[in-house]
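Containing compact mmCIF, C-alpha atoms: data_1.txt.
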# COMPACT_ATOMS: atom_id res chain seq x y z
CA MET L 1 35.99 -2.47 27.27
CA ARG L 2 37.56 -5.78 26.48
CA ILE L 3 34.40 -6.96 24.80
CA MET L 4 34.26 -3.80 22.75
CA THR L 5 37.83 -4.21 21.63
CA MET L 6 37.12 -7.73 20.56
CA ALA L 7 33.99 -6.73 18.67
CA ALA L 8 35.88 -3.99 16.90
CA ALA L 9 38.68 -6.38 16.05
CA LEU L 10 36.29 -8.91 14.59
CA LEU L 11 34.77 -6.23 12.45
CA LEU L 12 38.03 -4.96 11.14
CA LEU L 13 39.32 -7.54 8.75
CA PRO L 14 37.07 -7.35 5.72
CA LEU L 15 36.93 -3.59 5.65
CA PRO L 16 40.42 -2.31 4.92
CA LEU L 17 40.96 -5.32 2.69
CA SER L 18 38.04 -4.47 0.48
CA ALA L 19 39.10 -0.85 0.57
CA GLN L 20 42.33 -1.76 -1.13
CA ASP L 21 41.07 -4.26 -3.67
CA LYS L 22 41.98 -1.90 -6.44
CA ALA L 23 45.61 -1.36 -5.38
CA ALA L 24 48.12 -2.70 -7.88
CA PRO L 25 49.57 -5.98 -6.55
CA LYS L 26 53.33 -5.54 -6.46
CA GLN L 27 55.77 -7.80 -4.64
CA GLY L 28 56.86 -6.50 -1.25
CA ASP L 29 54.59 -3.50 -1.49
CA ALA L 30 52.09 -2.09 0.94
CA LYS L 31 49.43 -4.53 -0.16
CA THR L 32 51.57 -7.55 0.72
CA GLU L 33 52.63 -5.95 3.98
CA TYR L 34 49.07 -5.27 4.91
CA GLN L 35 47.98 -8.78 4.04
CA ALA L 36 50.72 -10.23 6.27
CA LEU L 37 49.67 -7.94 9.10
CA ALA L 38 46.03 -8.92 8.70
CA ASP L 39 46.92 -12.62 8.65
CA ASP L 40 49.02 -12.32 11.79
CA PHE L 41 46.23 -10.43 13.46
CA ASP L 42 43.78 -13.14 12.47
CA GLN L 43 45.99 -15.81 13.99
CA THR L 44 46.49 -13.83 17.18
CA MET L 45 42.74 -13.43 17.56
CA GLN L 46 42.19 -17.11 16.99
CA LYS L 47 44.77 -18.02 19.61
CA TRP L 48 43.21 -15.60 22.04
CA ARG L 49 39.73 -17.00 21.46
CA GLN L 50 40.94 -20.56 21.96
CA GLU L 51 42.65 -19.58 25.20
CA ALA L 52 39.51 -17.91 26.48
CA GLN L 53 37.42 -20.94 25.57
CA GLN L 54 39.87 -23.31 27.23
CA GLN L 55 39.90 -21.28 30.43
CA ALA L 56 36.12 -21.22 30.46
CA ALA L 57 35.86 -24.95 29.82
CA GLU L 58 38.31 -25.73 32.62
CA ALA L 59 36.51 -23.47 35.04
CA GLU L 60 33.26 -25.18 34.20
CA LYS L 61 34.79 -28.62 34.70
CA ASN L 62 36.07 -27.61 38.12
CA GLY L 63 32.77 -26.01 38.98
CA GLY L 64 34.44 -22.62 39.39
CA ARG L 65 33.34 -19.29 38.12
CA VAL L 66 34.26 -18.48 34.50
CA PRO L 67 37.31 -16.20 34.64
CA PRO L 68 37.50 -13.02 32.61
CA ALA L 69 39.00 -13.55 29.14
CA PRO L 70 42.79 -13.17 29.00
CA ALA L 71 43.99 -9.66 28.22
CA LEU L 72 44.12 -8.97 24.51
CA GLU L 73 46.35 -5.93 24.74
CA PRO L 74 49.75 -7.64 25.20
CA LEU L 75 49.01 -9.93 22.26
CA VAL L 76 48.07 -7.13 19.89
CA LYS L 77 50.67 -4.63 21.06
CA ASP L 78 53.38 -5.70 18.61
CA LEU L 79 50.97 -5.72 15.70
CA ILE L 80 49.92 -2.18 16.52
CA SER L 81 53.55 -1.05 16.61
CA ARG L 82 54.10 -2.76 13.27
CA ALA L 83 51.10 -1.00 11.77
CA GLN L 84 52.32 2.33 13.15
CA GLY L 85 55.74 1.70 11.60
CA LEU L 86 54.25 0.89 8.22
CA ALA L 87 52.02 3.98 8.39
CA GLU L 88 55.18 5.98 9.01
CA LYS L 89 56.96 4.29 6.08
CA TYR L 90 54.19 5.36 3.70
CA LYS L 91 53.57 8.68 5.43
CA GLY L 92 51.47 11.04 3.34
CA LYS L 93 50.70 8.41 0.71
CA ASP L 94 47.41 6.56 0.13
CA ASP L 95 49.14 3.34 1.21
CA ALA L 96 49.41 4.64 4.77
CA VAL L 97 45.63 4.74 5.16
CA GLN L 98 45.01 1.03 5.73
CA PHE L 99 47.65 0.86 8.47
CA LEU L 100 46.28 3.91 10.23
CA VAL L 101 42.77 2.44 10.06
CA PHE L 102 44.12 -0.78 11.53
CA VAL L 103 45.41 1.22 14.50
CA THR L 104 42.15 3.15 15.01
CA VAL L 105 40.16 -0.07 15.06
CA ASN L 106 42.45 -2.35 17.04
CA ALA L 107 44.64 -0.31 19.38
CA SER L 108 43.77 -0.58 23.07
CA GLY L 109 45.17 2.79 24.00
CA ASP L 110 42.90 5.75 23.31
CA ASN L 111 46.02 7.85 22.72
CA GLN L 112 47.14 5.57 19.88
CA VAL L 113 43.66 5.68 18.40
CA ARG L 114 43.58 9.46 18.64
CA LYS L 115 46.96 9.87 17.00
CA ALA L 116 46.13 7.64 14.01
CA PHE L 117 42.71 9.25 13.74
CA THR L 118 44.19 12.74 13.66
CA THR L 119 46.75 11.74 11.02
CA LEU L 120 44.01 10.24 8.86
CA LEU L 121 42.05 13.45 8.93
CA ALA L 122 45.07 15.71 8.52
CA ASP L 123 46.87 13.84 5.71
CA HIS L 124 44.28 11.64 4.05
CA VAL L 125 40.90 13.34 4.13
CA LYS L 126 40.92 13.35 0.31
CA SER L 127 42.17 9.78 -0.12
CA PRO L 128 40.15 7.35 -2.26
CA GLN L 129 41.20 4.66 0.25
CA LEU L 130 39.17 6.16 3.07
CA ALA L 131 36.11 3.87 2.85
CA GLY L 132 37.33 1.50 5.59
CA PHE L 133 37.93 4.42 7.93
CA VAL L 134 34.46 5.78 7.22
CA GLN L 135 32.76 2.44 7.85
CA ASN L 136 34.46 2.12 11.22
CA LEU L 137 33.79 5.69 12.35
CA PRO L 138 30.74 4.89 14.48
CA ARG L 139 33.00 2.68 16.60
CA THR L 140 36.25 4.64 16.55
CA ALA L 141 35.29 8.32 16.67
CA HIS L 142 34.35 8.46 20.34
CA ARG L 143 37.69 6.86 21.27
CA ALA L 144 39.44 9.70 19.51
CA GLY L 145 37.18 12.21 21.25
CA ALA L 146 35.51 13.14 17.95
CA ASP L 147 31.89 13.43 16.85
CA PRO L 148 31.40 10.94 14.00
CA VAL L 149 28.77 13.06 12.26
CA ALA L 150 31.08 16.09 12.26
CA VAL L 151 33.97 13.99 10.90
CA LEU L 152 31.72 12.63 8.16
CA GLY L 153 30.71 16.17 7.27
CA LYS L 154 34.36 17.09 6.83
CA ILE L 155 35.03 14.03 4.63
CA LEU L 156 31.94 14.72 2.52
CA ASP L 157 33.16 18.26 2.07
CA LYS L 158 36.73 17.44 1.01
CA ASN L 159 36.76 13.97 -0.54
CA LYS L 160 35.93 13.54 -4.22
CA SER L 161 35.99 9.74 -4.50
CA LYS L 162 32.46 8.51 -5.27
CA PRO L 163 32.74 5.20 -3.35
CA VAL L 164 34.05 7.07 -0.29
CA LEU L 165 31.26 9.63 -0.54
CA ALA L 166 28.69 6.86 -0.85
CA VAL L 167 29.92 5.11 2.29
CA ALA L 168 30.12 8.45 4.12
CA LEU L 169 26.53 9.33 3.21
CA LEU L 170 25.33 5.86 4.19
CA THR L 171 27.15 5.97 7.52
CA ARG L 172 25.92 9.47 8.35
CA GLY L 173 22.40 8.46 7.38
CA GLN L 174 22.51 5.37 9.56
CA LEU L 175 23.92 7.31 12.52
CA ARG L 176 21.29 10.02 12.29
CA LEU L 177 18.52 7.52 11.65
CA GLU L 178 18.99 6.18 15.17
CA ASN L 179 18.18 9.54 16.71
CA ALA L 180 15.78 11.05 14.19
CA SER L 181 12.55 11.89 15.98
CA SER L 182 11.06 14.79 14.00
CA ASP L 183 10.02 15.11 10.36
CA ALA L 184 12.76 17.66 9.79
CA GLU L 185 15.39 15.27 11.11
CA ARG L 186 14.01 12.42 9.06
CA ALA L 187 14.13 14.58 5.92
CA ILE L 188 17.85 15.17 6.49
CA VAL L 189 18.46 11.43 6.83
CA LYS L 190 16.42 10.75 3.72
CA LYS L 191 18.49 13.17 1.66
CA ASP L 192 21.75 11.42 2.62
CA LEU L 193 20.43 7.95 1.94
CA GLU L 194 18.78 8.83 -1.36
CA GLN L 195 21.99 10.33 -2.61
CA VAL L 196 23.83 7.01 -2.18
CA ALA L 197 21.81 5.50 -5.02
CA THR L 198 23.06 8.20 -7.40
CA LEU L 199 26.75 7.47 -6.71
CA GLU L 200 29.06 4.83 -8.08
CA ALA L 201 29.43 2.44 -5.15
CA PRO L 202 29.53 -1.28 -4.31
CA ALA L 203 26.14 -3.02 -4.55
CA GLU L 204 26.27 -3.83 -0.85
CA VAL L 205 26.53 -0.16 0.08
CA LYS L 206 23.55 0.71 -2.11
CA GLN L 207 21.57 -2.16 -0.71
CA GLN L 208 22.26 -1.01 2.85
CA ALA L 209 21.17 2.50 1.95
CA ALA L 210 17.95 1.17 0.42
CA SER L 211 17.32 -0.87 3.54
CA ALA L 212 17.91 2.13 5.83
CA LEU L 213 15.61 4.20 3.63
CA PHE L 214 12.88 1.59 3.93
CA GLN L 215 13.41 1.59 7.68
CA LEU L 216 13.05 5.37 7.73
CA GLU L 217 9.89 5.49 5.64
CA HIS L 218 8.07 2.38 6.81
CA LEU L 219 9.41 1.23 10.15
CA GLY L 220 9.74 4.47 12.09
CA ILE L 221 7.53 5.57 14.97
CA GLY L 222 4.23 6.74 13.46
CA CYS L 223 4.54 4.63 10.31
CA ALA L 224 1.86 2.14 9.31
CA ALA L 225 3.35 -1.27 10.08
CA PRO L 226 4.23 -3.12 6.86
CA GLU L 227 1.98 -6.12 6.30
CA ILE L 228 3.31 -9.54 7.20
CA GLU L 229 1.85 -12.56 5.49
CA GLY L 230 3.25 -15.82 6.71
CA LYS L 231 2.65 -19.11 8.41
CA ASP L 232 2.62 -19.96 12.08
CA MET L 233 4.61 -22.77 13.68
CA ASP L 234 1.94 -25.27 12.61
CA GLY L 235 1.93 -24.08 9.02
CA THR L 236 -1.35 -22.15 9.22
CA ALA L 237 -1.31 -18.97 7.14
CA PHE L 238 -2.09 -15.67 8.86
CA LYS L 239 -1.45 -11.96 8.52
CA LEU L 240 -0.38 -9.21 10.84
CA SER L 241 -3.43 -7.20 9.80
CA ASP L 242 -5.71 -9.96 11.14
CA TYR L 243 -4.98 -8.35 14.50
CA ARG L 244 -6.19 -4.85 13.62
CA GLY L 245 -8.20 -3.60 16.59
CA LYS L 246 -5.70 -5.08 18.99
CA VAL L 247 -2.40 -3.79 20.23
CA VAL L 248 0.32 -6.05 18.87
CA LEU L 249 3.69 -6.57 20.47
CA LEU L 250 5.77 -7.96 17.62
CA ASP L 251 8.78 -9.85 18.92
CA PHE L 252 11.59 -10.98 16.60
CA TRP L 253 13.30 -13.77 18.50
CA GLY L 254 14.73 -17.29 18.41
CA PHE L 255 16.10 -19.99 20.70
CA TRP L 256 19.11 -20.44 18.36
CA MET Z 257 12.31 -12.54 28.89
CA ILE Z 258 10.05 -15.50 28.17
CA PRO Z 259 8.59 -15.67 31.71
CA HIS Z 260 7.80 -11.96 31.53
CA GLU Z 261 6.14 -12.38 28.15
CA ARG Z 262 4.11 -15.23 29.55
CA SER Z 263 2.92 -13.03 32.39
CA LEU Z 264 2.08 -10.20 29.96
CA VAL Z 265 -0.06 -12.49 27.87
CA GLU Z 266 -1.83 -13.73 30.98
CA LYS Z 267 -2.35 -10.28 32.42
CA LEU Z 268 -3.78 -8.83 29.21
CA GLN Z 269 -5.68 -11.89 28.07
CA ASN Z 270 -9.17 -10.38 28.07
CA ARG Z 271 -8.08 -7.09 26.58
CA PRO Z 272 -7.30 -6.02 23.01
CA PHE Z 273 -3.73 -7.26 22.97
CA ALA Z 274 -1.74 -9.91 21.15
CA LEU Z 275 1.87 -10.91 21.49
CA ILE Z 276 3.11 -12.19 18.15
CA GLY Z 277 6.52 -13.72 17.77
CA VAL Z 278 8.58 -13.87 14.63
CA ASN Z 279 10.70 -16.94 15.16
CA SER Z 280 13.89 -17.29 13.14
CA ASP Z 281 15.13 -20.64 14.38
CA GLN Z 282 16.65 -22.93 11.77
CA ASN Z 283 15.18 -26.06 13.26
CA LEU Z 284 11.38 -25.85 13.29
CA GLU Z 285 10.81 -29.10 15.18
CA GLN Z 286 13.21 -28.19 17.92
CA ALA Z 287 11.79 -24.69 18.24
CA ARG Z 288 8.29 -26.14 18.48
CA SER Z 289 9.15 -28.52 21.26
CA LEU Z 290 11.08 -25.87 23.20
CA MET Z 291 8.08 -23.55 22.89
CA GLN Z 292 5.88 -26.21 24.36
CA GLU Z 293 8.30 -26.77 27.17
CA GLN Z 294 8.34 -23.02 27.87
CA LYS Z 295 4.54 -22.83 27.68
CA MET Z 296 4.66 -20.20 24.95
CA THR Z 297 1.02 -20.25 23.98
CA TRP Z 298 1.05 -17.17 21.80
CA ARG Z 299 1.28 -17.21 18.06
CA HIS Z 300 4.43 -16.90 15.96
CA PHE Z 301 5.29 -16.37 12.37
CA TYR Z 302 7.83 -18.98 11.44
CA ASP Z 303 10.48 -17.04 9.60
CA GLN Z 304 13.19 -18.94 7.84
CA ALA Z 305 16.35 -16.89 7.98
CA GLY Z 306 17.88 -15.54 4.80
CA SER Z 307 16.89 -13.02 2.20
CA GLY Z 308 13.18 -12.68 1.68
CA SER Z 309 12.54 -13.38 5.33
CA ILE Z 310 10.30 -11.24 7.50
CA ALA Z 311 13.30 -10.20 9.61
CA THR Z 312 15.10 -8.94 6.50
CA ALA Z 313 12.04 -7.04 5.34
CA TRP Z 314 11.79 -5.41 8.76
CA CYS Z 315 15.52 -4.54 8.78
CA VAL Z 316 16.12 -6.54 11.94
CA HIS Z 317 19.85 -6.71 12.63
CA SER Z 318 19.83 -7.88 16.22
CA TRP Z 319 17.64 -10.23 18.18
CA PRO Z 320 15.43 -9.83 20.04
CA THR Z 321 13.85 -6.77 18.44
CA LEU Z 322 10.48 -5.47 19.60
CA TYR Z 323 7.88 -3.40 17.75
CA TYR Z 324 4.81 -1.98 19.48
CA ILE Z 325 1.94 -1.64 17.00
CA ASP Z 326 -1.27 0.09 18.02
CA HIS Z 327 -4.82 -1.10 17.32
CA GLN Z 328 -4.86 0.87 14.07
CA GLY Z 329 -1.72 -0.78 12.79
CA VAL Z 330 0.64 2.12 13.48
CA ILE Z 331 4.11 1.57 14.96
CA ARG Z 332 4.23 3.43 18.27
CA HIS Z 333 7.40 2.26 19.97
CA GLN Z 334 10.41 0.21 19.19
CA ASP Z 335 12.72 -1.73 21.45
CA VAL Z 336 11.28 -0.76 24.79
CA ARG Z 337 12.81 -3.61 26.78
CA ARG Z 338 12.71 -2.82 30.48
CA GLU Z 339 9.92 -4.85 31.99
CA ASP Z 340 8.29 -1.99 33.89
CA GLU Z 341 8.54 0.25 30.82
CA MET Z 342 7.01 -2.47 28.64
CA GLU Z 343 4.05 -2.76 30.97
CA ARG Z 344 3.54 0.98 31.17
CA VAL Z 345 3.65 1.41 27.38
CA LEU Z 346 1.35 -1.53 26.71
CA GLU Z 347 -1.15 -0.44 29.35
CA GLU Z 348 -1.31 2.97 27.71
CA MET Z 349 -1.79 1.49 24.22
CA VAL Z 350 -4.33 -1.13 25.28
CA THR Z 351 -6.36 1.49 27.17
CA ALA Z 352 -6.41 3.66 24.04
CA ALA Z 353 -7.61 0.68 22.01
CA GLU Z 354 -10.40 0.02 24.51
CA GLN Z 355 -11.47 3.66 24.55
CA ASP Z 356 -11.60 3.72 20.77
CA ALA Z 357 -13.60 0.52 20.66
CA GLY Z 358 -15.94 1.92 23.36
CA GLY Z 359 -16.42 5.13 21.36
CA ARG Z 360 -17.45 3.18 18.28
CA LYS Z 361 -19.75 0.82 20.09
CA PRO Z 362 -21.27 -0.85 17.00
CA GLU Z 363 -18.14 -2.89 16.36
CA PRO Z 364 -19.27 -6.33 17.44
CA LYS Z 365 -16.96 -8.98 18.74
CA LYS Z 366 -15.18 -10.51 15.80
CA LYS Z 367 -16.25 -13.94 14.77
CA GLY Z 368 -13.73 -16.21 16.31
CA ASP Z 369 -10.70 -15.02 18.15
CA PRO Z 370 -7.78 -14.77 15.70
CA ARG Z 371 -5.54 -15.85 18.54
CA LYS Z 372 -5.10 -19.56 18.83
Re-express the file's structure as structure tokens.
Amino acid sequence: MRIMTMAAALLLLPLPLSAQDKAAPKQGDAKTEYQALADDFDQTMQKWRQEAQQQAAEAEKNGGRVPPAPALEPLVKDLISRAQGLAEKYKGKDDAVQFLVFVTVNASGDNQVRKAFTTLLADHVKSPQLAGFVQNLPRTAHRAGADPVAVLGKILDKNKSKPVLAVALLTRGQLRLENASSDAERAIVKKDLEQVATLEAPAEVKQQAASALFQLEHLGIGCAAPEIEGKDMDGTAFKLSDYRGKVVLLDFWGFW
Amino acid sequence: MIPHERSLVEKLQNRPFALIGVNSDQNLEQARSLMQEQKMTWRHFYDQAGSGSIATAWCVHSWPTLYYIDHQGVIRHQDVRREDEMERVLEEMVTAAEQDAGGRKPEPKKKGDPRK
């Protein structure tokens, strides 16, 4: 659980920030408040990581077992309360969205996640600021006891913002792609992903949709493996198709 | 993982099977010497990370990623990782390859083994 929380926290920062790029920059407004919150969160995470590394290094020096990382919850608790307060301050307005998303991604308590999640869907389902929420849905929905695909369906139904729709279609496509095993299921995924290209959306979103589409059409079970032409570790050129007639176990790996 | 792969390669060495790595290490020299140390005798594509790489083309987001490609070049499984499952799946695929080759007897042994 702790690892998951950390992973979610690491993923958070760029998302709500990019989601509010277009907000007008006014002094002392929600944008500034959010930036301060995000900065404080960043620092807290850094401190926490350093502590964990120090503990591990000491344990190693003393030949002991590496202790579990220090609890993140007490460190983040105040930031969550702050985000909840700011969400309350902007209640019902688009500005509340980023703070609510912050809570859904970073809160340790499932109850806090569920509450922010419910508010987002009740008050902000039509908000043009919803992209960050949508991107994080695969990680947050289960904590709120919701089915991410169903939530995406609701957003796609009610929201009119093209960038939000694009992210929602991409996310739903990616989620369904993982489980698509029949032609009918793959056709549904394809429809979502193809639609992303027709919407006004950041280049990165379109690129991800194109990549998922390629995965669907060329890298699924039953697809002809795309050709690979490359060089081996000694610089000798060879191709994947040189091995036709043999079963090939293709292993993407590295020592790092 | 590597010891199991080594044993797979050994076990299937006279059968229609090849393990092919796609190595994305930054440092080629270091990777080469580590491979030697680990007795990784099978072949690898050297894949410099970044756009245009094989990993990008194959939409690989996490490492390691495994693809099981049959003797006709069709993807049959992805990311089967448990050792016993890997062996079961490969045995099934290799047997199918042998049966196919047996059915079309005229296919002579290829000139030179493409494996190093």
Please return, as an MDAnalysis selection string, all residues of chain Z lying within 8 Å of chain L when only C-alpha atoms are considered.
chainID Z and resid 272:282 284 287:288 299:303 310:311 314:316 319:334 346 349:350 353 357 370
Could you check the closest approach to Ser108 of chain L for each of L:Ser127, L:Gln50, L:Thr140, L:Ser182 and tell me which residue wins, using all atoms listed in the file?
L:Thr140
The distance between atom CA of Gln112 of chain L and atom CA of Lys77 of chain L is 10.9 Å
What does the structure give for the distance between atom CA of Val164 of chain L and atom CA of Ala131 of chain L, in Å to one decimal?
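Separating atom CA of Val164 of chain L from atom CA of Ala131 of chain L is a distance of 4.9 Å.
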Calculate how many Å separate atom CA of His142 of chain L from atom CA of Thr104 of chain L, rounding to one decimal.
10.8 Å
Spatial neighbours of Ala83 of chain L, 8 Å, all atoms listed in the file, chain gap at least 4 places, as a PyMOL selection string
chain L and resi 37+79+87+99-100+102-103
Using the incomplete input, complete segment 316-344 of chain Z to the level of N, CA and C atoms; output as a PDB file, in the coordinates of the input.
ATOM      1  N   VAL Z 316      15.700  -6.108  10.605  1.00  0.00           N
ATOM      2  CA  VAL Z 316      16.120  -6.540  11.940  1.00  0.00           C
ATOM      3  C   VAL Z 316      17.572  -6.997  11.867  1.00  0.00           C
ATOM      4  N   HIS Z 317      18.431  -6.348  12.640  1.00  0.00           N
ATOM      5  CA  HIS Z 317      19.850  -6.710  12.630  1.00  0.00           C
ATOM      6  C   HIS Z 317      20.260  -7.403  13.916  1.00  0.00           C
ATOM      7  N   SER Z 318      19.463  -7.242  14.958  1.00  0.00           N
ATOM      8  CA  SER Z 318      19.830  -7.880  16.220  1.00  0.00           C
ATOM      9  C   SER Z 318      18.565  -8.459  16.854  1.00  0.00           C
ATOM     10  N   TRP Z 319      18.751  -9.542  17.555  1.00  0.00           N
ATOM     11  CA  TRP Z 319      17.640 -10.230  18.180  1.00  0.00           C
ATOM     12  C   TRP Z 319      17.819 -10.216  19.696  1.00  0.00           C
ATOM     13  N   PRO Z 320      16.790 -10.108  20.500  1.00  0.00           N
ATOM     14  CA  PRO Z 320      15.430  -9.830  20.040  1.00  0.00           C
ATOM     15  C   PRO Z 320      15.223  -8.357  19.680  1.00  0.00           C
ATOM     16  N   THR Z 321      14.281  -8.120  18.772  1.00  0.00           N
ATOM     17  CA  THR Z 321      13.850  -6.770  18.440  1.00  0.00           C
ATOM     18  C   THR Z 321      12.346  -6.702  18.680  1.00  0.00           C
ATOM     19  N   LEU Z 322      11.908  -5.613  19.287  1.00  0.00           N
ATOM     20  CA  LEU Z 322      10.480  -5.470  19.600  1.00  0.00           C
ATOM     21  C   LEU Z 322       9.868  -4.285  18.865  1.00  0.00           C
ATOM     22  N   TYR Z 323       8.669  -4.489  18.313  1.00  0.00           N
ATOM     23  CA  TYR Z 323       7.880  -3.400  17.750  1.00  0.00           C
ATOM     24  C   TYR Z 323       6.531  -3.355  18.467  1.00  0.00           C
ATOM     25  N   TYR Z 324       6.111  -2.163  18.841  1.00  0.00           N
ATOM     26  CA  TYR Z 324       4.810  -1.980  19.480  1.00  0.00           C
ATOM     27  C   TYR Z 324       3.861  -1.340  18.462  1.00  0.00           C
ATOM     28  N   ILE Z 325       2.857  -2.103  18.051  1.00  0.00           N
ATOM     29  CA  ILE Z 325       1.940  -1.640  17.000  1.00  0.00           C
ATOM     30  C   ILE Z 325       0.568  -1.401  17.609  1.00  0.00           C
ATOM     31  N   ASP Z 326       0.005  -0.219  17.368  1.00  0.00           N
ATOM     32  CA  ASP Z 326      -1.270   0.090  18.020  1.00  0.00           C
ATOM     33  C   ASP Z 326      -2.444  -0.584  17.290  1.00  0.00           C
ATOM     34  N   HIS Z 327      -3.648  -0.390  17.837  1.00  0.00           N
ATOM     35  CA  HIS Z 327      -4.820  -1.100  17.320  1.00  0.00           C
ATOM     36  C   HIS Z 327      -5.188  -0.670  15.909  1.00  0.00           C
ATOM     37  N   GLN Z 328      -4.601   0.454  15.447  1.00  0.00           N
ATOM     38  CA  GLN Z 328      -4.860   0.870  14.070  1.00  0.00           C
ATOM     39  C   GLN Z 328      -3.748   0.454  13.118  1.00  0.00           C
ATOM     40  N   GLY Z 329      -2.797  -0.276  13.643  1.00  0.00           N
ATOM     41  CA  GLY Z 329      -1.720  -0.780  12.790  1.00  0.00           C
ATOM     42  C   GLY Z 329      -0.564   0.189  12.637  1.00  0.00           C
ATOM     43  N   VAL Z 330      -0.447   1.140  13.565  1.00  0.00           N
ATOM     44  CA  VAL Z 330       0.640   2.120  13.480  1.00  0.00           C
ATOM     45  C   VAL Z 330       1.721   1.781  14.508  1.00  0.00           C
ATOM     46  N   ILE Z 331       2.981   1.835  14.061  1.00  0.00           N
ATOM     47  CA  ILE Z 331       4.110   1.570  14.960  1.00  0.00           C
ATOM     48  C   ILE Z 331       4.223   2.718  15.957  1.00  0.00           C
ATOM     49  N   ARG Z 332       4.200   2.385  17.230  1.00  0.00           N
ATOM     50  CA  ARG Z 332       4.230   3.430  18.270  1.00  0.00           C
ATOM     51  C   ARG Z 332       5.524   3.460  19.064  1.00  0.00           C
ATOM     52  N   HIS Z 333       6.129   2.318  19.237  1.00  0.00           N
ATOM     53  CA  HIS Z 333       7.400   2.260  19.970  1.00  0.00           C
ATOM     54  C   HIS Z 333       8.241   1.161  19.378  1.00  0.00           C
ATOM     55  N   GLN Z 334       9.540   1.268  19.628  1.00  0.00           N
ATOM     56  CA  GLN Z 334      10.410   0.210  19.190  1.00  0.00           C
ATOM     57  C   GLN Z 334      11.434  -0.054  20.276  1.00  0.00           C
ATOM     58  N   ASP Z 335      11.660  -1.334  20.541  1.00  0.00           N
ATOM     59  CA  ASP Z 335      12.720  -1.730  21.450  1.00  0.00           C
ATOM     60  C   ASP Z 335      12.628  -1.151  22.846  1.00  0.00           C
ATOM     61  N   VAL Z 336      11.430  -0.989  23.356  1.00  0.00           N
ATOM     62  CA  VAL Z 336      11.280  -0.760  24.790  1.00  0.00           C
ATOM     63  C   VAL Z 336      11.470  -2.131  25.422  1.00  0.00           C
ATOM     64  N   ARG Z 337      12.466  -2.272  26.287  1.00  0.00           N
ATOM     65  CA  ARG Z 337      12.810  -3.610  26.780  1.00  0.00           C
ATOM     66  C   ARG Z 337      12.682  -3.773  28.286  1.00  0.00           C
ATOM     67  N   ARG Z 338      12.792  -2.657  29.027  1.00  0.00           N
ATOM     68  CA  ARG Z 338      12.710  -2.820  30.480  1.00  0.00           C
ATOM     69  C   ARG Z 338      11.306  -3.260  30.846  1.00  0.00           C
ATOM     70  N   GLU Z 339      11.220  -4.245  31.727  1.00  0.00           N
ATOM     71  CA  GLU Z 339       9.920  -4.850  31.990  1.00  0.00           C
ATOM     72  C   GLU Z 339       8.886  -3.839  32.462  1.00  0.00           C
ATOM     73  N   ASP Z 340       9.282  -2.957  33.388  1.00  0.00           N
ATOM     74  CA  ASP Z 340       8.290  -1.990  33.890  1.00  0.00           C
ATOM     75  C   ASP Z 340       7.871  -1.018  32.788  1.00  0.00           C
ATOM     76  N   GLU Z 341       8.848  -0.639  31.935  1.00  0.00           N
ATOM     77  CA  GLU Z 341       8.540   0.250  30.820  1.00  0.00           C
ATOM     78  C   GLU Z 341       7.591  -0.436  29.830  1.00  0.00           C
ATOM     79  N   MET Z 342       7.854  -1.708  29.569  1.00  0.00           N
ATOM     80  CA  MET Z 342       7.010  -2.470  28.640  1.00  0.00           C
ATOM     81  C   MET Z 342       5.566  -2.456  29.123  1.00  0.00           C
ATOM     82  N   GLU Z 343       5.408  -2.689  30.427  1.00  0.00           N
ATOM     83  CA  GLU Z 343       4.050  -2.760  30.970  1.00  0.00           C
ATOM     84  C   GLU Z 343       3.360  -1.416  30.912  1.00  0.00           C
ATOM     85  N   ARG Z 344       4.116  -0.364  31.185  1.00  0.00           N
ATOM     86  CA  ARG Z 344       3.540   0.980  31.170  1.00  0.00           C
ATOM     87  C   ARG Z 344       3.064   1.323  29.749  1.00  0.00           C
TER      88      ARG Z 344
END
